[in-house]
file coords-v7.cif (mmCIF, C-alpha atoms and all ligand atoms)
data_entry
#
loop_
_atom_site.group_PDB
_atom_site.id
_atom_site.type_symbol
_atom_site.label_atom_id
_atom_site.label_comp_id
_atom_site.auth_asym_id
_atom_site.auth_seq_id
_atom_site.Cartn_x
_atom_site.Cartn_y
_atom_site.Cartn_z
ATOM 1 C CA MET A 162 85.313 162.430 200.749
ATOM 2 C CA THR A 163 85.956 159.812 203.438
ATOM 3 C CA SER A 164 84.471 156.502 202.388
ATOM 4 C CA VAL A 165 82.455 154.715 205.045
ATOM 5 C CA THR A 166 79.804 152.071 204.851
ATOM 6 C CA PRO A 167 76.494 153.149 206.337
ATOM 7 C CA ARG A 168 75.295 150.969 209.178
ATOM 8 C CA PRO A 169 71.622 150.267 209.736
ATOM 9 C CA PRO A 170 69.914 153.281 211.295
ATOM 10 C CA ALA A 171 70.614 153.934 214.967
ATOM 11 C CA GLN A 172 70.328 150.697 216.869
ATOM 12 C CA ASP A 173 71.573 152.779 219.735
ATOM 13 C CA ALA A 174 73.621 149.988 221.171
ATOM 14 C CA PRO A 175 75.929 151.649 223.663
ATOM 15 C CA GLY A 176 78.843 149.717 222.213
ATOM 16 C CA PRO A 177 81.048 146.978 223.499
ATOM 17 C CA ALA A 178 80.213 147.652 227.121
ATOM 18 C CA ALA A 179 76.449 147.589 226.570
ATOM 19 C CA GLY A 180 74.762 147.420 229.944
ATOM 20 C CA PRO A 181 71.413 147.926 231.558
ATOM 21 C CA ALA A 182 70.633 151.018 229.474
ATOM 22 C CA GLN A 183 68.984 148.813 226.825
ATOM 23 C CA GLY A 184 65.823 147.933 228.714
ATOM 24 C CA PRO A 185 62.480 149.643 229.196
ATOM 25 C CA ALA A 186 63.818 151.603 232.174
ATOM 26 C CA ALA A 187 66.362 153.240 229.883
ATOM 27 C CA ARG A 188 63.665 154.119 227.400
ATOM 28 C CA ALA A 189 61.641 155.616 230.233
ATOM 29 C CA GLY A 190 64.497 158.033 230.891
ATOM 30 C CA ALA A 191 66.897 156.377 233.350
ATOM 31 C CA ALA A 192 70.514 157.604 233.209
ATOM 32 C CA PRO A 193 72.222 156.252 230.110
ATOM 33 C CA ASP A 194 75.033 153.732 230.380
ATOM 34 C CA LEU A 195 77.891 155.346 228.501
ATOM 35 C CA SER A 196 80.608 152.944 229.637
ATOM 36 C CA GLY A 197 83.193 152.536 226.908
ATOM 37 C CA LYS A 198 82.210 155.807 225.240
ATOM 38 C CA ARG A 199 84.678 158.629 224.693
ATOM 39 C CA ALA A 200 83.354 162.156 225.173
ATOM 40 C CA LEU A 201 84.838 165.565 224.447
ATOM 41 C CA VAL A 202 83.348 168.617 226.143
ATOM 42 C CA THR A 203 84.648 171.985 224.959
ATOM 43 C CA GLY A 204 84.705 174.727 227.564
ATOM 44 C CA GLY A 205 84.321 171.878 230.035
ATOM 45 C CA ALA A 206 86.179 173.635 232.845
ATOM 46 C CA SER A 207 83.300 175.894 233.929
ATOM 47 C CA GLY A 208 79.551 176.375 234.090
ATOM 48 C CA ILE A 209 77.417 174.328 231.708
ATOM 49 C CA GLY A 210 80.361 172.442 230.200
ATOM 50 C CA ARG A 211 81.583 171.359 233.597
ATOM 51 C CA ALA A 212 78.119 170.130 234.559
ATOM 52 C CA CYS A 213 77.901 168.200 231.256
ATOM 53 C CA ALA A 214 81.318 166.636 231.866
ATOM 54 C CA ARG A 215 80.114 165.478 235.305
ATOM 55 C CA VAL A 216 76.928 163.908 233.913
ATOM 56 C CA LEU A 217 78.736 162.101 231.096
ATOM 57 C CA ALA A 218 81.481 160.849 233.413
ATOM 58 C CA GLY A 219 78.831 159.795 235.950
ATOM 59 C CA ALA A 220 77.222 157.704 233.196
ATOM 60 C CA GLY A 221 80.537 155.943 232.585
ATOM 61 C CA ALA A 222 82.038 157.878 229.651
ATOM 62 C CA ARG A 223 85.719 158.769 229.532
ATOM 63 C CA VAL A 224 85.584 162.548 229.262
ATOM 64 C CA VAL A 225 88.141 164.925 227.789
ATOM 65 C CA VAL A 226 87.716 168.406 229.248
ATOM 66 C CA ALA A 227 89.006 170.868 226.622
ATOM 67 C CA ASP A 228 89.416 174.462 227.711
ATOM 68 C CA VAL A 229 91.572 177.539 227.174
ATOM 69 C CA ASP A 230 91.919 177.751 230.958
ATOM 70 C CA GLY A 231 94.358 174.897 231.493
ATOM 71 C CA GLU A 232 94.389 174.978 235.280
ATOM 72 C CA ALA A 233 90.578 174.972 235.527
ATOM 73 C CA ALA A 234 90.438 172.135 232.975
ATOM 74 C CA ARG A 235 92.882 170.159 235.102
ATOM 75 C CA ARG A 236 90.744 170.629 238.220
ATOM 76 C CA ALA A 237 87.498 169.778 236.404
ATOM 77 C CA ALA A 238 89.020 166.666 234.816
ATOM 78 C CA GLU A 239 90.533 165.528 238.094
ATOM 79 C CA GLU A 240 87.143 165.774 239.810
ATOM 80 C CA ILE A 241 85.563 163.331 237.342
ATOM 81 C CA GLY A 242 88.523 161.085 236.546
ATOM 82 C CA GLY A 243 88.706 162.599 233.070
ATOM 83 C CA VAL A 244 91.467 163.993 230.891
ATOM 84 C CA PRO A 245 92.285 167.719 230.687
ATOM 85 C CA LEU A 246 93.156 169.274 227.345
ATOM 86 C CA LEU A 247 94.485 172.804 227.057
ATOM 87 C CA ALA A 248 93.119 174.221 223.797
ATOM 88 C CA ASP A 249 92.155 177.617 222.452
ATOM 89 C CA LEU A 250 89.174 176.631 220.325
ATOM 90 C CA SER A 251 89.257 179.948 218.464
ATOM 91 C CA ASP A 252 92.612 178.911 216.982
ATOM 92 C CA VAL A 253 90.813 176.716 214.484
ATOM 93 C CA ASP A 254 93.840 175.643 212.463
ATOM 94 C CA ARG A 255 95.255 173.899 215.533
ATOM 95 C CA LEU A 256 92.291 171.666 216.295
ATOM 96 C CA ASP A 257 93.168 168.795 213.973
ATOM 97 C CA GLY A 258 92.962 165.434 215.676
ATOM 98 C CA ILE A 259 91.433 166.690 218.943
ATOM 99 C CA ALA A 260 88.012 165.190 218.285
ATOM 100 C CA ALA A 261 89.023 162.122 216.297
ATOM 101 C CA GLY A 262 87.861 158.973 218.086
ATOM 102 C CA THR A 263 85.157 160.631 220.191
ATOM 103 C CA ASP A 264 81.683 159.109 220.435
ATOM 104 C CA ILE A 265 80.074 162.104 222.143
ATOM 105 C CA LEU A 266 80.983 165.687 221.278
ATOM 106 C CA VAL A 267 79.540 168.533 223.311
ATOM 107 C CA ASN A 268 80.235 171.841 221.551
ATOM 108 C CA ASN A 269 79.912 174.171 224.485
ATOM 109 C CA ALA A 270 82.768 176.709 224.640
ATOM 110 C CA GLY A 271 81.462 180.210 224.159
ATOM 111 C CA VAL A 272 81.923 183.831 225.119
ATOM 112 C CA GLN A 273 79.830 186.981 225.004
ATOM 113 C CA HIS A 274 80.616 190.526 223.916
ATOM 114 C CA VAL A 275 78.074 193.293 224.296
ATOM 115 C CA ALA A 276 78.190 196.370 222.026
ATOM 116 C CA PRO A 277 75.931 197.991 219.424
ATOM 117 C CA VAL A 278 76.559 196.797 215.859
ATOM 118 C CA HIS A 279 78.031 200.118 214.724
ATOM 119 C CA GLU A 280 80.624 199.952 217.503
ATOM 120 C CA PHE A 281 81.231 196.193 217.556
ATOM 121 C CA PRO A 282 84.974 195.432 217.096
ATOM 122 C CA PRO A 283 85.304 193.403 213.850
ATOM 123 C CA GLU A 284 88.113 191.271 215.267
ATOM 124 C CA VAL A 285 85.934 190.277 218.236
ATOM 125 C CA PHE A 286 83.070 189.426 215.884
ATOM 126 C CA ALA A 287 85.411 187.203 213.823
ATOM 127 C CA ARG A 288 86.869 185.492 216.905
ATOM 128 C CA ILE A 289 83.408 184.725 218.328
ATOM 129 C CA LEU A 290 82.341 183.160 215.030
ATOM 130 C CA ARG A 291 85.539 181.101 214.883
ATOM 131 C CA LEU A 292 85.060 179.864 218.458
ATOM 132 C CA MET A 293 81.326 179.207 218.337
ATOM 133 C CA VAL A 294 80.713 178.097 214.725
ATOM 134 C CA GLU A 295 83.937 177.205 212.944
ATOM 135 C CA ALA A 296 85.502 175.261 215.834
ATOM 136 C CA PRO A 297 82.377 173.067 216.217
ATOM 137 C CA PHE A 298 82.466 172.460 212.441
ATOM 138 C CA ARG A 299 86.147 171.457 212.566
ATOM 139 C CA LEU A 300 85.624 169.157 215.581
ATOM 140 C CA VAL A 301 82.540 167.511 214.110
ATOM 141 C CA ARG A 302 84.354 167.061 210.799
ATOM 142 C CA ASP A 303 87.099 165.200 212.669
ATOM 143 C CA ALA A 304 84.762 163.132 214.822
ATOM 144 C CA LEU A 305 82.238 161.962 212.222
ATOM 145 C CA PRO A 306 84.309 159.395 210.277
ATOM 146 C CA GLY A 307 84.930 157.389 213.469
ATOM 147 C CA MET A 308 81.314 157.727 214.584
ATOM 148 C CA TYR A 309 80.179 156.550 211.140
ATOM 149 C CA GLU A 310 82.529 153.552 211.330
ATOM 150 C CA ARG A 311 81.208 152.595 214.774
ATOM 151 C CA GLY A 312 77.566 153.278 213.841
ATOM 152 C CA TRP A 313 76.894 155.508 216.849
ATOM 153 C CA GLY A 314 77.554 159.109 217.779
ATOM 154 C CA ARG A 315 76.086 162.043 219.651
ATOM 155 C CA ILE A 316 76.720 165.679 218.757
ATOM 156 C CA VAL A 317 75.246 168.103 221.273
ATOM 157 C CA ASN A 318 75.571 171.794 220.540
ATOM 158 C CA ILE A 319 75.033 174.138 223.447
ATOM 159 C CA SER A 320 73.216 176.846 221.541
ATOM 160 C CA SER A 321 70.994 179.318 223.370
ATOM 161 C CA VAL A 322 67.629 180.965 223.312
ATOM 162 C CA HIS A 323 69.705 183.393 221.228
ATOM 163 C CA GLY A 324 69.927 180.689 218.551
ATOM 164 C CA LEU A 325 66.184 181.209 218.136
ATOM 165 C CA ARG A 326 65.642 184.830 219.171
ATOM 166 C CA ALA A 327 67.713 188.006 218.910
ATOM 167 C CA SER A 328 68.597 190.564 221.540
ATOM 168 C CA PRO A 329 70.155 193.959 220.860
ATOM 169 C CA PHE A 330 73.906 194.502 221.393
ATOM 170 C CA LYS A 331 74.785 190.804 220.997
ATOM 171 C CA SER A 332 75.356 190.660 217.228
ATOM 172 C CA ALA A 333 78.270 188.211 217.208
ATOM 173 C CA TYR A 334 76.721 185.915 219.806
ATOM 174 C CA VAL A 335 73.280 185.849 218.155
ATOM 175 C CA THR A 336 74.848 185.341 214.708
ATOM 176 C CA ALA A 337 77.042 182.506 216.002
ATOM 177 C CA LYS A 338 74.168 180.786 217.796
ATOM 178 C CA HIS A 339 71.928 181.023 214.732
ATOM 179 C CA GLY A 340 74.855 179.578 212.745
ATOM 180 C CA ILE A 341 75.309 176.550 214.983
ATOM 181 C CA GLU A 342 71.581 175.846 214.620
ATOM 182 C CA GLY A 343 72.027 175.427 210.862
ATOM 183 C CA LEU A 344 75.179 173.347 211.185
ATOM 184 C CA SER A 345 73.506 171.055 213.721
ATOM 185 C CA LYS A 346 70.589 170.352 211.379
ATOM 186 C CA VAL A 347 72.856 169.525 208.427
ATOM 187 C CA ILE A 348 74.858 167.097 210.608
ATOM 188 C CA ALA A 349 71.570 165.496 211.733
ATOM 189 C CA LEU A 350 70.521 164.879 208.133
ATOM 190 C CA GLU A 351 73.899 163.496 207.076
ATOM 191 C CA GLY A 352 74.496 161.449 210.241
ATOM 192 C CA ALA A 353 71.103 159.746 210.572
ATOM 193 C CA ALA A 354 71.995 156.760 208.388
ATOM 194 C CA TYR A 355 75.069 156.104 210.557
ATOM 195 C CA GLY A 356 73.412 156.230 213.990
ATOM 196 C CA VAL A 357 74.655 159.746 214.681
ATOM 197 C CA THR A 358 72.306 162.354 216.131
ATOM 198 C CA SER A 359 72.935 166.092 216.306
ATOM 199 C CA ASN A 360 70.911 168.479 218.376
ATOM 200 C CA CYS A 361 70.952 171.952 219.868
ATOM 201 C CA VAL A 362 70.103 172.726 223.455
ATOM 202 C CA ASN A 363 68.692 176.218 223.881
ATOM 203 C CA PRO A 364 68.839 177.588 227.402
ATOM 204 C CA SER A 365 67.887 181.076 228.463
ATOM 205 C CA TYR A 366 69.988 182.527 231.302
ATOM 206 C CA VAL A 367 71.907 179.897 233.276
ATOM 207 C CA ARG A 368 73.620 180.627 236.578
ATOM 208 C CA THR A 369 77.282 180.420 235.439
ATOM 209 C CA PRO A 370 80.373 182.653 235.610
ATOM 210 C CA LEU A 371 79.509 183.944 232.097
ATOM 211 C CA VAL A 372 76.132 185.222 233.286
ATOM 212 C CA GLU A 373 77.413 186.422 236.652
ATOM 213 C CA GLY A 374 79.810 188.628 234.664
ATOM 214 C CA GLN A 375 76.942 189.964 232.571
ATOM 215 C CA ILE A 376 74.857 190.699 235.677
ATOM 216 C CA ALA A 377 77.703 192.738 237.152
ATOM 217 C CA ASP A 378 78.306 194.603 233.832
ATOM 218 C CA GLN A 379 74.645 195.445 233.346
ATOM 219 C CA ALA A 380 74.214 196.506 236.968
ATOM 220 C CA ARG A 381 77.056 198.985 236.434
ATOM 221 C CA ALA A 382 75.773 200.123 233.021
ATOM 222 C CA HIS A 383 72.174 200.687 234.151
ATOM 223 C CA GLY A 384 72.895 201.769 237.711
ATOM 224 C CA MET A 385 70.754 198.889 239.008
ATOM 225 C CA ALA A 386 71.212 196.372 241.815
ATOM 226 C CA PRO A 387 72.273 192.887 240.574
ATOM 227 C CA ASP A 388 68.925 191.366 241.674
ATOM 228 C CA GLU A 389 67.065 193.987 239.683
ATOM 229 C CA VAL A 390 69.127 193.151 236.557
ATOM 230 C CA VAL A 391 68.178 189.481 236.901
ATOM 231 C CA GLU A 392 64.502 190.256 237.463
ATOM 232 C CA ARG A 393 63.969 193.097 234.983
ATOM 233 C CA VAL A 394 66.470 192.331 232.216
ATOM 234 C CA MET A 395 67.301 188.621 232.215
ATOM 235 C CA LEU A 396 63.943 187.221 233.232
ATOM 236 C CA GLU A 397 61.885 189.733 231.242
ATOM 237 C CA HIS A 398 60.774 187.145 228.642
ATOM 238 C CA SER A 399 60.807 184.081 230.894
ATOM 239 C CA ALA A 400 57.498 182.867 232.285
ATOM 240 C CA VAL A 401 59.378 180.938 234.970
ATOM 241 C CA LYS A 402 61.065 183.663 236.980
ATOM 242 C CA ARG A 403 64.396 182.138 237.908
ATOM 243 C CA LEU A 404 67.785 181.436 236.373
ATOM 244 C CA ILE A 405 68.453 177.896 235.128
ATOM 245 C CA GLU A 406 71.030 175.801 236.977
ATOM 246 C CA PRO A 407 73.870 174.255 234.895
ATOM 247 C CA GLU A 408 72.824 170.789 236.114
ATOM 248 C CA GLU A 409 69.420 171.235 234.447
ATOM 249 C CA VAL A 410 71.115 171.788 231.080
ATOM 250 C CA ALA A 411 73.461 168.856 231.698
ATOM 251 C CA ALA A 412 70.507 166.561 232.460
ATOM 252 C CA LEU A 413 69.080 167.331 229.010
ATOM 253 C CA VAL A 414 72.475 166.609 227.440
ATOM 254 C CA GLY A 415 72.534 163.267 229.305
ATOM 255 C CA TYR A 416 69.068 162.482 227.941
ATOM 256 C CA LEU A 417 70.236 163.235 224.373
ATOM 257 C CA CYS A 418 72.944 160.599 224.821
ATOM 258 C CA SER A 419 70.444 157.992 226.057
ATOM 259 C CA PRO A 420 68.709 155.281 224.012
ATOM 260 C CA ALA A 421 65.383 157.036 224.683
ATOM 261 C CA ALA A 422 66.571 159.945 222.530
ATOM 262 C CA SER A 423 67.619 158.042 219.414
ATOM 263 C CA MET A 424 64.755 159.591 217.397
ATOM 264 C CA VAL A 425 65.605 163.092 218.599
ATOM 265 C CA THR A 426 67.818 164.645 215.953
ATOM 266 C CA GLY A 427 68.002 167.942 214.133
ATOM 267 C CA ALA A 428 66.057 169.394 217.050
ATOM 268 C CA SER A 429 66.474 172.573 219.047
ATOM 269 C CA LEU A 430 65.388 171.865 222.585
ATOM 270 C CA ALA A 431 64.409 175.011 224.438
ATOM 271 C CA LEU A 432 65.102 175.133 228.149
ATOM 272 C CA ASP A 433 63.974 178.685 228.567
ATOM 273 C CA GLY A 434 61.185 178.936 231.117
ATOM 274 C CA GLY A 435 58.736 179.729 228.312
ATOM 275 C CA TRP A 436 60.695 182.574 226.628
ATOM 276 C CA THR A 437 60.168 181.204 223.100
ATOM 277 C CA ALA A 438 56.503 180.439 223.782
ATOM 278 C CA HIS A 439 55.886 184.158 223.176
HETATM 279 N N1 LIG B 501 75.084 180.949 230.944
HETATM 280 C C1 LIG B 501 74.036 181.153 230.167
HETATM 281 O O1 LIG B 501 73.077 181.839 230.540
HETATM 282 C C2 LIG B 501 73.946 180.527 228.818
HETATM 283 C C3 LIG B 501 72.701 180.505 228.185
HETATM 284 C C4 LIG B 501 72.595 179.932 226.928
HETATM 285 C C5 LIG B 501 73.706 179.385 226.338
HETATM 286 N N2 LIG B 501 74.897 179.419 226.975
HETATM 287 C C6 LIG B 501 76.045 178.834 226.290
HETATM 288 O O2 LIG B 501 76.615 177.824 227.081
HETATM 289 C C7 LIG B 501 77.994 177.713 226.794
HETATM 290 C C8 LIG B 501 78.782 177.720 228.100
HETATM 291 O O3 LIG B 501 78.537 178.925 228.774
HETATM 292 P P1 LIG B 501 78.723 179.085 230.339
HETATM 293 O O4 LIG B 501 77.658 180.015 230.769
HETATM 294 O O5 LIG B 501 78.854 177.775 230.999
HETATM 295 O O6 LIG B 501 80.093 179.911 230.361
HETATM 296 P P2 LIG B 501 81.364 179.845 231.306
HETATM 297 O O7 LIG B 501 82.059 181.151 231.065
HETATM 298 O O8 LIG B 501 81.022 179.452 232.689
HETATM 299 O O9 LIG B 501 82.198 178.660 230.664
HETATM 300 C C9 LIG B 501 82.711 178.748 229.374
HETATM 301 C C10 LIG B 501 83.983 177.948 229.290
HETATM 302 O O10 LIG B 501 84.472 178.073 227.946
HETATM 303 C C11 LIG B 501 85.861 178.292 228.010
HETATM 304 N N3 LIG B 501 86.325 179.006 226.841
HETATM 305 C C12 LIG B 501 86.102 180.295 226.511
HETATM 306 N N4 LIG B 501 86.782 180.602 225.394
HETATM 307 C C13 LIG B 501 87.436 179.485 225.013
HETATM 308 C C14 LIG B 501 88.312 179.176 223.949
HETATM 309 N N5 LIG B 501 88.692 180.107 223.065
HETATM 310 N N6 LIG B 501 88.782 177.921 223.840
HETATM 311 C C15 LIG B 501 88.454 176.983 224.767
HETATM 312 N N7 LIG B 501 87.638 177.218 225.797
HETATM 313 C C16 LIG B 501 87.128 178.460 225.923
HETATM 314 C C17 LIG B 501 86.061 179.129 229.272
HETATM 315 O O11 LIG B 501 87.401 179.098 229.729
HETATM 316 C C18 LIG B 501 85.086 178.487 230.227
HETATM 317 O O12 LIG B 501 85.675 177.420 230.943
HETATM 318 C C19 LIG B 501 78.341 178.867 225.857
HETATM 319 O O13 LIG B 501 78.354 178.424 224.518
HETATM 320 C C20 LIG B 501 77.184 179.822 226.064
HETATM 321 O O14 LIG B 501 76.936 180.610 224.935
HETATM 322 C C21 LIG B 501 75.058 179.973 228.218
#

call {"tool": "encode", "arguments": {"input": "coords-v7.cif", "output": "structure tokens", "more": "lines below"}}
Ligand SMILES: NC(=O)c1ccc[n+]([C@@H]2O[C@H](COP(=O)([O-])OP(=O)(O)OC[C@H]3O[C@@H](n4cnc5c(N)ncnc54)[C@H](O)[C@@H]3O)[C@@H](O)[C@H]2O)c1
result
Amino acid sequence: MTSVTPRPPAQDAPGPAAGPAQGPAARAGAAPDLSGKRALVTGGASGIGRACARVLAGAGARVVVADVDGEAARRAAEEIGGVPLLADLSDVDRLDGIAAGTDILVNNAGVQHVAPVHEFPPEVFARILRLMVEAPFRLVRDALPGMYERGWGRIVNISSVHGLRASPFKSAYVTAKHGIEGLSKVIALEGAAYGVTSNCVNPSYVRTPLVEGQIADQARAHGMAPDEVVERVMLEHSAVKRLIEPEEVAALVGYLCSPAASMVTGASLALDGGWTAH
């Protein structure tokens, strides 16, 4: 086991470049000052990850945008003055060193596959678990020793309402999201003494390319108009009848990196329009 000396519990000092984020305004929820912090956002080239990368860069962090789509990662990184990294996160034996030295790790990359359990391709199931559970484990494992040494770290796992509730035909996705919930809580318990928090963010349907693809697929499968799919299928359990915008998820991620959130750890923060209130 790596030997590190525990620091006093989360002072939440933003590090060498500590700025105005220390005062009461920060505690009341102003944007955190993340200058000097290094962030890694997986799947940061699109949708929620891209919005998170923007928020973290806007707060002053140096952001690495890791994605299997190298060209999209390049564009996303260029937009925020960050660093693109071409990486297939499902190739878990090739992730060594990627996350070492990061202060903020957003485990976001994910995919969906829809099929009944008895027809679900085993290799797709295995790949989804590698991408959405094992890769986060490997990255966190790499990142923690440095975070422990520096006495500060933020792990944010983009889980889903499907980390808390099941839906039919999404066995790999629901299994993976429930898995990341458990991993996140263990990291929270181990990291607390070193100033490291770990949390899950649990959105229902967010307006991203991933969901736009699902809307089109379901419209075809059910012979419905796309609007009807959104209304009748996606928003069925949501009390607030609209899709979430990626920026709304990113704002919560920004909050989790702020001094105001230093007591928030091991939590699963639903952003689901009331779905899980049922
Ligand atoms: N969109 C939603 O409604 C919604 C709701 C809840 C949770 N989520 C979760 O949010 C995360 C992001 O989803 P999104 O909707 O922004 O999707 P998206 O498809 O817009 O973006 C996902 C990104 O991940 C990248 N990616 C996919 N496989 C990869 C791999 N093997 N290695 C590296 N990068 C890879 C893609 O290239 C893409 O840039 C996922 O974990 C998803 O499960 C999404």

call {"tool": "residues_near_ligand", "arguments": {"input": "coords-v7.cif", "ligand": "ligand LIG 501 (chain B)", "cutoff": "6 Å", "atoms": "all atoms listed in the file", "output": "MDAnalysis selection string"}}
result
chainID A and resid 204:210 228:230 248:251 269:272 292 319:321 364:372

call {"tool": "resolve_selection", "arguments": {"input": "coords-v7.cif", "expression": "the PyMOL selection byres (((chain A and resi 286) around 12) and not hetatm)", "output": "ChimeraX atom specification"}}
result
/A:251,272-285,287-294,330-337

call {"tool": "closest_residue", "arguments": {"input": "coords-v7.cif", "among": "A:Leu305, A:Leu266, A:Ala380, A:Leu430", "to": "Tyr355 in chain A", "atoms": "only C-alpha atoms"}}
result
A:Leu305

call {"tool": "closest_residue", "arguments": {"input": "coords-v7.cif", "among": "A:Leu300, A:Ala227, A:Met385, A:Leu201", "to": "Asp257 in chain A", "atoms": "only C-alpha atoms"}}
result
A:Leu300

call {"tool": "closest_residue", "arguments": {"input": "coords-v7.cif", "among": "A:Ala421, A:Ile376, A:Val244, A:Ile316", "to": "Ala353 in chain A", "atoms": "all atoms listed in the file"}}
result
A:Ile316

call {"tool": "closest_residue", "arguments": {"input": "coords-v7.cif", "among": "A:Leu432, A:Ala220, A:Ala327, A:Ile341", "to": "Ser419 in chain A", "atoms": "only C-alpha atoms"}}
result
A:Ala220

call {"tool": "residues_near_point", "arguments": {"input": "coords-v7.cif", "point": "(84.7, 156.7, 222.1)", "cutoff": "6 Å", "atoms": "only C-alpha atoms", "output": "ChimeraX atom specification"}}
result
/A:198-199,262-264

call {"tool": "residues_near_point", "arguments": {"input": "coords-v7.cif", "point": "(83.8, 156.3, 234.3)", "cutoff": "9 Å", "atoms": "only C-alpha atoms", "output": "PyMOL selection string"}}
result
chain A and resi 195-197+217-224+241-243

call {"tool": "residues_around", "arguments": {"input": "coords-v7.cif", "residues": "Glu232 in chain A", "least_positions_apart": "5", "cutoff": "10 Å", "atoms": "all atoms listed in the file", "output": "VMD selection string"}}
result
chain A and resid 206 237 to 238 245 to 247

call {"tool": "resolve_selection", "arguments": {"input": "coords-v7.cif", "expression": "the PyMOL selection byres (((chain A and resi 433) around 12) and not hetatm)", "output": "ChimeraX atom specification"}}
result
/A:320-326,362-367,395-406,409-410,429-432,434-439

call {"tool": "atom_distance", "arguments": {"input": "coords-v7.cif", "atom1": "CA of Pro306 in chain A", "atom2": "CA of Arg215 in chain A"}}
result
26.1 Å

call {"tool": "atom_distance", "arguments": {"input": "coords-v7.cif", "atom1": "CA of Ala260 in chain A", "atom2": "CA of Arg302 in chain A"}}
result
8.5 Å

call {"tool": "closest_residue", "arguments": {"input": "coords-v7.cif", "among": "A:Thr426, A:Thr203, A:Ser345, A:Ser328", "to": "Phe298 in chain A", "atoms": "all atoms listed in the file"}}
result
A:Ser345

call {"tool": "closest_residue", "arguments": {"input": "coords-v7.cif", "among": "A:Gly384, A:Gly356, A:Gly314, A:Gly340", "to": "Cys418 in chain A", "atoms": "only C-alpha atoms"}}
result
A:Gly314

call {"tool": "atom_distance", "arguments": {"input": "coords-v7.cif", "atom1": "CA of Val391 in chain A", "atom2": "CA of Leu413 in chain A"}}
result
23.5 Å

call {"tool": "resolve_selection", "arguments": {"input": "coords-v7.cif", "expression": "the PyMOL selection byres (((chain A and resi 417) around 10) and not hetatm)", "output": "PyMOL selection string"}}
result
chain A and resi 193+315-317+358-362+411-416+418-426

call {"tool": "axis_aligned_box", "arguments": {"input": "coords-v7.cif", "around": "range 244-248 of chain A", "padding_each_side": "3 Å", "output": "lines of an AutoDock Vina configuration file"}}
result
center_x = 93.0
center_y = 169.1
center_z = 227.3
size_x = 9.0
size_y = 16.2
size_z = 13.1
